[in-house]
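Structure below is structure_32.txt: compact mmCIF, C-alpha atoms.
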```txt
# COMPACT_ATOMS: atom_id res chain seq x y z
CA MET B 1 149.96 136.23 122.27
CA LYS B 2 147.17 138.70 121.66
CA THR B 3 147.33 142.12 123.28
CA VAL B 4 144.41 144.49 122.88
CA ILE B 5 143.97 148.14 123.77
CA VAL B 6 140.48 149.19 124.82
CA LYS B 7 139.02 151.52 122.21
CA TYR B 8 137.12 154.41 123.76
CA ASN B 9 137.06 158.19 123.65
CA ALA B 10 139.88 158.84 126.12
CA GLY B 11 142.68 156.53 125.07
CA ASN B 12 146.14 157.90 124.34
CA VAL B 13 146.53 155.01 121.99
CA ILE B 14 149.50 156.22 119.96
CA SER B 15 152.04 156.39 122.78
CA VAL B 16 151.02 153.03 124.20
CA THR B 17 151.03 151.45 120.74
CA ASN B 18 154.50 152.85 120.06
CA ALA B 19 155.76 151.51 123.39
CA LEU B 20 154.34 148.05 122.61
CA HIS B 21 155.95 148.17 119.16
CA ARG B 22 159.30 148.80 120.85
CA LEU B 23 158.66 145.59 122.80
CA GLY B 24 157.87 143.74 119.59
CA VAL B 25 154.12 143.54 120.23
CA GLU B 26 151.45 144.55 117.72
CA PRO B 27 148.30 145.43 119.68
CA GLU B 28 144.78 145.48 118.33
CA ILE B 29 142.63 148.45 119.28
CA THR B 30 139.09 147.25 119.85
CA ASP B 31 135.85 147.69 121.79
CA ASP B 32 134.51 144.28 120.69
CA PRO B 33 133.49 142.46 123.93
CA GLU B 34 134.49 139.06 122.54
CA LYS B 35 137.93 140.24 121.47
CA LEU B 36 138.43 141.91 124.84
CA ALA B 37 137.44 138.73 126.69
CA SER B 38 139.57 136.40 124.57
CA ALA B 39 142.73 138.54 124.51
CA ASP B 40 145.78 137.45 126.49
CA LYS B 41 146.30 140.97 127.76
CA VAL B 42 144.07 144.03 127.88
CA ILE B 43 145.44 147.56 128.19
CA PHE B 44 143.18 150.44 129.23
CA PRO B 45 145.05 153.71 128.68
CA GLY B 46 143.47 157.06 129.30
CA VAL B 47 143.99 160.76 128.89
CA GLY B 48 141.01 163.01 129.33
CA GLU B 49 138.12 163.70 131.62
CA ALA B 50 136.41 161.08 133.83
CA SER B 51 132.69 161.77 133.30
CA THR B 52 132.95 161.93 129.50
CA ALA B 53 134.93 158.70 129.48
CA MET B 54 132.53 156.87 131.83
CA HIS B 55 129.52 158.12 129.87
CA TYR B 56 131.02 156.68 126.69
CA LEU B 57 131.81 153.32 128.35
CA ARG B 58 128.29 153.03 129.86
CA GLN B 59 126.53 153.93 126.62
CA ARG B 60 128.23 151.01 124.93
CA GLY B 61 127.91 148.60 127.87
CA LEU B 62 131.70 148.50 128.11
CA ASP B 63 131.60 149.21 131.86
CA LYS B 64 130.12 145.76 132.47
CA VAL B 65 132.34 144.11 129.85
CA LEU B 66 135.54 145.48 131.42
CA THR B 67 134.66 144.68 135.04
CA ASP B 68 133.71 141.11 134.04
CA LEU B 69 137.06 140.40 132.35
CA ASN B 70 139.24 137.64 133.79
CA ASN B 71 142.38 138.21 131.72
CA PRO B 72 145.29 140.40 132.88
CA PHE B 73 144.12 143.99 132.55
CA LEU B 74 146.27 147.11 132.90
CA GLY B 75 144.80 150.57 133.41
CA ILE B 76 147.07 153.55 132.79
CA CYS B 77 146.61 157.10 134.14
CA LEU B 78 142.91 158.00 133.71
CA GLY B 79 142.46 154.25 133.20
CA LEU B 80 143.50 153.70 136.85
CA GLN B 81 141.12 156.39 138.04
CA LEU B 82 138.19 154.96 136.08
CA MET B 83 138.87 151.57 137.73
CA CYS B 84 138.20 153.12 141.16
CA ARG B 85 134.83 153.58 142.86
CA HIS B 86 134.22 157.26 142.32
CA SER B 87 136.01 160.30 140.94
CA GLU B 88 135.64 163.84 142.21
CA GLU B 89 136.14 164.94 138.60
CA ASN B 90 132.60 166.03 137.77
CA ASN B 91 131.33 163.76 140.57
CA THR B 92 131.61 160.60 138.48
CA PRO B 93 130.75 157.07 139.59
CA CYS B 94 133.43 154.82 138.07
CA LEU B 95 133.95 151.09 137.46
CA GLY B 96 134.45 150.18 141.13
CA ILE B 97 137.12 147.54 140.61
CA PHE B 98 139.23 149.16 143.31
CA ASP B 99 137.36 150.27 146.41
CA LEU B 100 138.99 153.70 146.37
CA ASP B 101 137.99 157.28 145.77
CA VAL B 102 139.69 159.58 143.28
CA LYS B 103 140.17 163.14 144.50
CA LYS B 104 141.59 166.37 143.19
CA PHE B 105 145.00 167.41 144.51
CA PRO B 106 144.57 170.24 147.03
CA PRO B 107 146.03 173.46 145.54
CA LYS B 108 149.02 173.52 147.91
CA ASP B 109 151.44 173.22 145.02
CA LYS B 110 151.24 173.39 141.24
CA VAL B 111 148.49 171.22 139.79
CA PRO B 112 148.64 169.15 137.57
CA HIS B 113 151.31 166.99 139.11
CA MET B 114 153.52 166.89 136.05
CA GLY B 115 156.96 165.39 135.69
CA TRP B 116 159.01 162.55 137.13
CA ASN B 117 158.34 161.31 140.62
CA LYS B 118 159.67 158.46 142.71
CA LEU B 119 157.72 155.26 143.29
CA ASP B 120 157.86 153.38 146.58
CA MET B 121 156.72 149.88 145.78
CA ILE B 122 156.25 146.59 147.51
CA GLU B 123 157.87 143.55 145.94
CA HIS B 124 155.56 142.80 143.06
CA PRO B 125 155.83 141.04 139.68
CA LEU B 126 154.85 144.26 137.90
CA PHE B 127 158.02 145.98 139.18
CA LYS B 128 160.42 143.04 138.90
CA GLY B 129 163.77 144.27 137.56
CA THR B 130 163.22 147.97 138.25
CA PRO B 131 165.56 149.69 140.71
CA GLU B 132 164.34 150.29 144.24
CA HIS B 133 164.05 154.02 143.67
CA THR B 134 162.60 154.28 140.23
CA PHE B 135 161.04 157.38 138.74
CA PHE B 136 158.01 157.51 136.48
CA TYR B 137 156.48 160.28 134.39
CA TYR B 138 153.19 161.69 135.66
CA VAL B 139 150.61 164.11 134.29
CA HIS B 140 147.45 164.26 136.40
CA SER B 141 145.33 166.54 138.56
CA TYR B 142 143.37 163.79 140.33
CA TYR B 143 144.76 160.93 142.41
CA ALA B 144 143.54 157.68 143.92
CA GLU B 145 143.94 157.36 147.69
CA THR B 146 146.09 154.58 149.02
CA GLY B 147 144.44 151.37 150.23
CA PRO B 148 144.89 147.61 150.59
CA ASP B 149 145.24 147.17 146.80
CA THR B 150 148.04 149.74 146.57
CA ILE B 151 151.28 148.10 145.39
CA ALA B 152 153.22 151.34 144.89
CA SER B 153 152.79 154.86 146.13
CA SER B 154 154.20 158.25 145.22
CA GLU B 155 154.07 161.49 147.08
CA TYR B 156 153.01 164.88 145.75
CA ILE B 157 151.31 167.21 148.19
CA LEU B 158 150.17 163.94 149.80
CA PRO B 159 150.79 160.20 149.33
CA PHE B 160 148.68 158.54 146.62
CA SER B 161 148.36 155.22 144.83
CA ALA B 162 150.99 154.97 142.09
CA ALA B 163 149.97 151.41 141.23
CA LEU B 164 147.17 149.03 142.22
CA HIS B 165 146.57 145.31 141.91
CA LYS B 166 143.54 143.16 142.64
CA ASN B 167 142.95 139.74 141.05
CA ASN B 168 143.49 140.14 137.28
CA PHE B 169 143.34 143.95 137.46
CA TYR B 170 146.49 146.06 137.48
CA ALA B 171 146.73 149.80 137.23
CA ILE B 172 149.41 152.48 137.18
CA GLN B 173 148.87 156.22 137.55
CA ALA B 174 152.07 157.28 135.77
CA HIS B 175 152.76 156.75 132.09
CA PRO B 176 154.99 153.65 131.72
CA GLU B 177 154.95 154.23 127.95
CA LYS B 178 156.74 157.56 128.58
CA SER B 179 158.87 156.56 131.55
CA GLY B 180 162.06 155.49 129.83
CA LYS B 181 163.66 152.12 130.49
CA ASP B 182 161.87 151.39 133.77
CA GLY B 183 158.49 152.12 132.19
CA GLN B 184 159.35 149.66 129.48
CA ILE B 185 160.24 147.04 132.11
CA VAL B 186 156.83 147.45 133.77
CA LEU B 187 155.02 147.04 130.44
CA GLN B 188 157.18 144.02 129.66
CA ASN B 189 156.40 142.55 133.11
CA PHE B 190 152.70 143.02 132.50
CA LEU B 191 152.94 141.29 129.14
CA LYS B 192 154.69 138.35 130.85
CA LEU B 193 151.98 137.89 133.52
CA MET F 1 158.98 164.07 145.51
CA LEU F 2 158.50 165.63 142.11
CA THR F 3 161.87 166.18 140.46
CA LYS F 4 163.05 169.22 138.54
CA ARG F 5 163.35 168.53 134.83
CA ILE F 6 166.30 168.92 132.47
CA ILE F 7 165.13 169.50 128.92
CA PRO F 8 167.44 169.55 125.92
CA CYS F 9 165.97 171.55 123.06
CA LEU F 10 166.63 170.50 119.49
CA ASP F 11 166.14 173.13 116.81
CA VAL F 12 165.27 171.17 113.72
CA MET F 13 165.35 172.00 110.05
CA ASP F 14 164.36 169.28 107.60
CA GLY F 15 164.87 166.62 110.25
CA ARG F 16 168.32 167.76 111.29
CA THR F 17 169.23 169.74 114.37
CA VAL F 18 170.65 173.21 114.21
CA LYS F 19 171.33 175.78 116.89
CA GLY F 20 171.59 179.49 116.47
CA VAL F 21 173.35 181.92 118.73
CA ASN F 22 170.73 184.58 119.44
CA PHE F 23 168.50 182.83 116.90
CA VAL F 24 170.87 183.31 113.93
CA ASN F 25 174.13 181.73 112.65
CA LEU F 26 172.89 178.16 112.51
CA ARG F 27 175.23 175.21 112.92
CA ASP F 28 174.43 171.58 112.19
CA ALA F 29 174.53 169.18 115.14
CA GLY F 30 173.25 165.96 113.65
CA ASP F 31 170.16 163.84 113.17
CA ALA F 32 167.30 165.00 115.38
CA VAL F 33 165.91 161.61 116.34
CA GLU F 34 169.32 160.08 116.96
CA LEU F 35 170.39 162.98 119.13
CA GLY F 36 167.03 162.93 120.97
CA ASN F 37 167.45 159.25 121.70
CA LEU F 38 170.97 159.80 122.99
CA TYR F 39 169.69 162.48 125.38
CA ALA F 40 166.86 160.20 126.56
CA GLU F 41 169.35 157.45 127.33
CA GLN F 42 171.58 159.90 129.17
CA GLY F 43 168.72 160.87 131.47
CA ALA F 44 167.04 163.87 129.84
CA ASP F 45 163.62 164.24 131.43
CA GLU F 46 161.85 165.56 128.37
CA LEU F 47 162.75 166.83 124.92
CA VAL F 48 161.63 169.83 122.95
CA PHE F 49 161.81 169.77 119.16
CA LEU F 50 161.56 173.21 117.67
CA ASP F 51 160.96 173.01 113.94
CA ILE F 52 162.36 175.98 112.08
CA THR F 53 161.78 174.64 108.57
CA ALA F 54 160.29 177.49 106.60
CA THR F 55 159.04 175.88 103.42
CA VAL F 56 155.63 175.02 102.03
CA GLU F 57 156.47 171.39 102.84
CA LYS F 58 156.83 172.32 106.50
CA ARG F 59 153.81 170.49 107.89
CA LYS F 60 154.81 167.28 106.12
CA THR F 61 158.39 167.33 107.40
CA LEU F 62 157.20 168.23 110.90
CA VAL F 63 154.72 165.35 111.06
CA GLU F 64 157.34 162.98 109.72
CA LEU F 65 159.72 164.11 112.46
CA VAL F 66 157.08 163.72 115.18
CA ARG F 67 156.28 160.20 113.94
CA ARG F 68 159.92 159.15 114.01
CA VAL F 69 160.49 160.64 117.45
CA ALA F 70 157.34 159.07 118.89
CA ALA F 71 158.23 155.65 117.51
CA GLU F 72 161.75 155.64 118.89
CA ILE F 73 161.88 157.75 122.02
CA ASN F 74 160.36 156.64 125.34
CA ILE F 75 160.24 159.93 127.23
CA PRO F 76 157.80 162.82 126.75
CA PHE F 77 158.45 165.38 124.06
CA THR F 78 157.07 168.72 122.97
CA VAL F 79 157.01 169.95 119.42
CA GLY F 80 156.86 173.57 118.41
CA GLY F 81 157.75 175.98 115.68
CA GLY F 82 155.19 177.49 113.36
CA ILE F 83 152.20 175.73 114.87
CA ILE F 84 149.36 178.11 114.12
CA SER F 85 146.09 176.19 114.00
CA ILE F 86 143.98 173.58 115.76
CA GLU F 87 144.58 171.43 112.70
CA ASP F 88 148.39 171.70 113.11
CA VAL F 89 148.06 170.67 116.74
CA SER F 90 145.73 167.80 115.99
CA VAL F 91 148.11 166.45 113.34
CA CYS F 92 151.11 166.62 115.70
CA LEU F 93 149.30 165.01 118.63
CA ASN F 94 147.91 162.29 116.38
CA ALA F 95 151.43 161.60 115.16
CA GLY F 96 152.48 160.99 118.77
CA ALA F 97 153.63 164.31 120.25
CA ASP F 98 152.91 164.62 123.97
CA LYS F 99 152.71 168.40 123.98
CA ILE F 100 152.79 171.20 121.45
CA SER F 101 154.11 174.67 121.99
CA ILE F 102 152.70 177.81 120.45
CA ASN F 103 154.20 181.25 120.48
CA THR F 104 153.37 183.86 117.80
CA ALA F 105 150.02 182.17 117.08
CA ALA F 106 148.93 182.73 120.69
CA ILE F 107 149.69 186.44 120.45
CA ASP F 108 147.93 186.70 117.07
CA SER F 109 144.80 184.99 118.40
CA PRO F 110 144.86 184.44 122.18
CA ASP F 111 141.66 182.41 122.11
CA LEU F 112 143.62 179.69 120.30
CA VAL F 113 144.95 178.80 123.78
CA ASP F 114 141.39 178.37 125.11
CA ARG F 115 140.35 176.29 122.13
CA LEU F 116 143.39 174.02 122.33
CA ALA F 117 142.96 173.50 126.08
CA LEU F 118 139.31 172.65 125.60
CA GLU F 119 139.87 170.34 122.66
CA PHE F 120 143.06 168.53 123.74
CA GLY F 121 143.49 169.30 127.45
CA SER F 122 145.76 171.84 129.16
CA GLN F 123 148.42 169.20 129.78
CA CYS F 124 149.51 169.31 126.14
CA VAL F 125 149.42 173.08 125.63
CA VAL F 126 152.75 174.79 126.20
CA VAL F 127 152.88 178.52 125.57
CA ALA F 128 156.37 179.65 124.60
CA VAL F 129 157.15 183.24 125.52
CA ASP F 130 160.19 185.05 124.13
CA THR F 131 160.82 188.02 126.35
CA LYS F 132 163.18 190.99 126.42
CA GLN F 133 163.77 193.54 129.11
CA TYR F 134 163.22 197.27 128.48
CA GLY F 135 164.15 199.16 131.63
CA GLU F 136 161.77 197.98 134.32
CA LYS F 137 159.47 196.26 131.85
CA ASP F 138 159.59 192.92 130.12
CA LYS F 139 157.98 192.71 126.71
CA VAL F 140 156.97 189.73 124.62
CA HIS F 141 158.63 189.22 121.24
CA ILE F 142 157.22 187.15 118.40
CA HIS F 143 158.38 185.67 115.07
CA GLY F 144 161.31 183.82 116.64
CA GLY F 145 162.23 186.90 118.66
CA ARG F 146 162.52 189.22 115.66
CA THR F 147 159.41 191.30 116.30
CA PRO F 148 158.85 193.19 119.54
CA THR F 149 155.32 193.69 120.84
CA GLU F 150 153.98 196.09 123.45
CA ILE F 151 152.65 193.17 125.48
CA ASN F 152 153.89 193.00 129.06
CA THR F 153 155.40 189.58 129.74
CA LEU F 154 154.03 189.22 133.28
CA GLU F 155 150.52 190.11 132.15
CA TRP F 156 150.76 187.78 129.18
CA VAL F 157 151.82 184.68 131.13
CA LYS F 158 148.94 185.23 133.59
CA GLU F 159 146.51 185.64 130.71
CA VAL F 160 147.55 182.42 128.97
CA GLU F 161 147.39 180.53 132.27
CA ASN F 162 143.81 181.75 132.69
CA ARG F 163 143.06 180.72 129.13
CA GLY F 164 144.17 177.15 129.86
CA ALA F 165 147.88 176.88 129.07
CA GLY F 166 149.43 173.90 130.84
CA GLU F 167 153.00 175.13 130.97
CA ILE F 168 155.11 178.21 130.14
CA LEU F 169 158.38 177.99 128.23
CA LEU F 170 160.02 181.27 129.17
CA THR F 171 162.96 182.30 126.98
CA SER F 172 164.88 185.39 127.96
CA MET F 173 166.26 186.95 124.79
CA ASP F 174 168.65 189.01 126.90
CA HIS F 175 170.20 185.82 128.22
CA ASP F 176 169.82 183.47 125.26
CA GLY F 177 173.16 182.71 123.66
CA THR F 178 175.16 184.59 126.31
CA LYS F 179 176.06 181.55 128.46
CA ASN F 180 175.87 183.85 131.48
CA GLY F 181 173.02 182.05 133.22
CA PHE F 182 169.25 182.02 133.11
CA ALA F 183 167.05 185.09 133.74
CA ASN F 184 166.40 184.01 137.32
CA LYS F 185 164.72 187.16 138.58
CA LEU F 186 162.10 187.13 135.85
CA THR F 187 161.67 183.35 135.96
CA SER F 188 161.12 183.48 139.70
CA LYS F 189 158.48 186.21 139.31
CA VAL F 190 156.66 184.22 136.64
CA SER F 191 156.89 180.93 138.51
CA SER F 192 155.65 182.46 141.77
CA MET F 193 152.63 184.13 140.21
CA LEU F 194 151.47 181.08 138.25
CA SER F 195 150.13 177.72 139.32
CA ILE F 196 151.39 175.98 136.18
CA PRO F 197 154.98 174.81 135.63
CA VAL F 198 157.56 177.18 134.17
CA ILE F 199 160.48 176.08 132.02
CA ALA F 200 163.46 178.44 132.19
CA SER F 201 165.24 178.89 128.89
CA GLY F 202 168.13 180.95 127.58
CA GLY F 203 171.57 181.54 129.01
CA ALA F 204 172.80 178.17 130.26
CA GLY F 205 176.59 178.18 130.18
CA ASN F 206 177.70 176.02 133.07
CA MET F 207 176.27 173.47 135.51
CA HIS F 208 175.79 175.94 138.29
CA HIS F 209 173.47 178.03 136.14
CA PHE F 210 170.95 175.20 136.38
CA VAL F 211 171.21 175.12 140.18
CA ASP F 212 170.50 178.86 140.17
CA ALA F 213 167.55 178.43 137.80
CA PHE F 214 165.93 175.99 140.23
CA ASP F 215 166.96 177.73 143.47
CA SER F 216 166.67 181.45 142.86
CA GLY F 217 164.73 181.15 139.57
CA LYS F 218 162.13 178.76 141.10
CA ALA F 219 161.88 177.07 137.70
CA ASP F 220 160.18 173.69 137.42
CA ALA F 221 162.36 172.73 134.48
CA ALA F 222 165.37 174.15 132.67
CA LEU F 223 165.94 174.00 128.96
CA ALA F 224 169.17 174.31 127.02
CA ALA F 225 170.44 173.48 123.58
CA SER F 226 173.98 174.17 122.45
CA ILE F 227 175.74 173.25 125.68
CA PHE F 228 174.27 169.75 125.23
CA HIS F 229 174.70 169.55 121.45
CA PHE F 230 178.33 170.52 121.57
CA ARG F 231 179.00 168.26 124.56
CA GLU F 232 180.05 171.11 126.78
CA ILE F 233 177.94 169.61 129.55
CA ASP F 234 177.08 165.95 129.92
CA ILE F 235 173.52 165.33 131.16
CA PRO F 236 174.49 162.66 133.77
CA ASP F 237 177.22 164.95 135.21
CA LEU F 238 174.79 167.85 135.24
CA LYS F 239 172.08 165.92 137.07
CA ASN F 240 174.52 164.63 139.68
CA TYR F 241 175.86 168.14 140.17
CA ILE F 242 172.38 169.61 140.65
CA ALA F 243 171.36 166.79 142.99
CA SER F 244 174.44 167.50 145.14
CA TYR F 245 172.76 170.80 146.02
CA GLY F 246 169.75 168.97 147.41
CA ILE F 247 167.56 169.70 144.39
CA PRO F 248 165.35 166.70 143.52
CA MET F 249 166.59 165.07 140.30
CA ARG F 250 165.73 161.83 138.55
CA ILE F 251 169.02 159.97 138.53
```
Now that the file is in, can you turn its structure into structure tokens?
Amino acid sequence: MKTVIVKYNAGNVISVTNALHRLGVEPEITDDPEKLASADKVIFPGVGEASTAMHYLRQRGLDKVLTDLNNPFLGICLGLQLMCRHSEENNTPCLGIFDLDVKKFPPKDKVPHMGWNKLDMIEHPLFKGTPEHTFFYYVHSYYAETGPDTIASSEYILPFSAALHKNNFYAIQAHPEKSGKDGQIVLQNFLKL
Amino acid sequence: MLTKRIIPCLDVMDGRTVKGVNFVNLRDAGDAVELGNLYAEQGADELVFLDITATVEKRKTLVELVRRVAAEINIPFTVGGGIISIEDVSVCLNAGADKISINTAAIDSPDLVDRLALEFGSQCVVVAVDTKQYGEKDKVHIHGGRTPTEINTLEWVKEVENRGAGEILLTSMDHDGTKNGFANKLTSKVSSMLSIPVIASGGAGNMHHFVDAFDSGKADAALAASIFHFREIDIPDLKNYIASYGIPMRI
């Protein structure tokens, strides 16, 4: 099985690579369209700022490459946000895979939302084997609204999409690579899809 | 609901953990990565590795430690201790650290905080503040607490927040090593005036001290070292105890 991580300017590649190593998987980090299209699994991690990341993807035509993929694709953190329609972060049009807007948390509590928060999920292959009330580790200031593609939600100041699924596209706002045993289960479930 | 975090701190010298009472009299408590992993399995929410190696080989041993931790441990961790430059930070983050903490270096050149936030993002910049009370005033100490400064703690934490710090690790030197509880009054002041998370540190002696740190101290996270290293408090017991007071915990 071939697992690739999308190479771009906002990937937190080390943590995800380490997590995959712990699952016995050696990922390739690439922005080669052919390798992305032929991989068994594509992971799209992200830590950083939306407009800079989207600018980089567009410049290299990766926006089109990613949205055209048919293989199982997992966006993590900023990756999830970039897969939505639009982000309030520097008013950035995003990939539009999920028909959702990304907004900044209102300053009613400390922002960023940082730490472990509970996920309320529907029954879904991505969460198979995790306890009903699982906690994941979050670090983010922007959130995707909930919508028909939401398969898990969390609540901080307001409810938001913790995980999304549409066709071959999966996304999770928290960091499964840093979320202990349950995070590892979710990554493992994705690899088994 | 966002949970309050329990953070064991591992003081590390040459890859092995040590803990000082009031920053001196070090005792060995085992292999840093092994101990970190044990804490992660027990339910620690994050780990802090404070490197106190003071040799010319320091950077090399620190990076080696970060690499080993990042490879083996699946929860977030912060690394600190003698990080003084953008280059130090870059090396640690590239080796897999989630956050770095700076202390003396931020006092020496406050704009380091701005530069780190800009270059790597606020989320990975923790400013550690060692503070001591003088009458009505709290003053920042540097060099592992050995050197007092004239800088007012409350002014300093606000300044580093404005400069882009993502989190404050607040260690009360008056409480550290006493096992009489955290500095809740000061922690509460700091937490209330900032919009970034505050980690309370120094003084944990029993399980109820953590409840107080979250309730009256308004801390977002609480850090302790020796009570965990010497098995005086078990993390699962601690988290259940705190949760029984209605404080959100990841259990």
(request) Might you pull out every residue within 7 Å of segment 162-170 of chain B, with all atoms listed in the file counted and same-chain residues fewer than 2 positions away left off, and present them as a PyMOL selection string? (result) chain B and resi 70-75+119+149-154+160+172-174
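With all atoms listed in the file as the atoms that count, the minimum distance from His21 of chain B to the choices F:Phe77, F:Ile6, F:Ala71, F:Ile151 is reached by F:Ala71.
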(message) Would you mind listing, as a PyMOL selection string, all residues of chain F that have at least one atom within 6 Å of chain B, where only C-alpha atoms are what counts?
(response) chain F and resi 1-3+71+74-76+96+195-196
(request) Extract, using all atoms listed in the file, all DNA, RNA and protein residues at most 7 Å from Ser172 of chain F, discarding same-chain residues fewer than 5 positions from it, and format them as a list in words. (result)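 Listing them by chain and then by number gives Asp130, Thr131, Lys132, Ala183, Ser201 and Gly202 of chain F.
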Output of the above residues as an mmCIF file, in the frame of the given file, restricted to C-alpha atoms:
```cif
data_model
loop_
_atom_site.group_PDB
_atom_site.id
_atom_site.type_symbol
_atom_site.label_atom_id
_atom_site.label_comp_id
_atom_site.auth_asym_id
_atom_site.auth_seq_id
_atom_site.Cartn_x
_atom_site.Cartn_y
_atom_site.Cartn_z
ATOM 1 C CA ASP F 130 160.190 185.050 124.130
ATOM 2 C CA THR F 131 160.820 188.020 126.350
ATOM 3 C CA LYS F 132 163.180 190.990 126.420
ATOM 4 C CA ALA F 183 167.050 185.090 133.740
ATOM 5 C CA SER F 201 165.240 178.890 128.890
ATOM 6 C CA GLY F 202 168.130 180.950 127.580
#
```
(message) When you count only C-alpha atoms, which of these residues is closest to Val42 of chain B: B:Thr30, B:Ser161, B:Thr130, B:Thr92?
(response)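 For Val42 of chain B, the nearest of the given residues is B:Thr30.
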(request) Find the distance between atom CA of Ile242 of chain F and atom CA of Thr171 of chain F and write it in Å to one decimal. (result)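 Straight-line distance from atom CA of Ile242 of chain F to atom CA of Thr171 of chain F works out to 20.9 Å.
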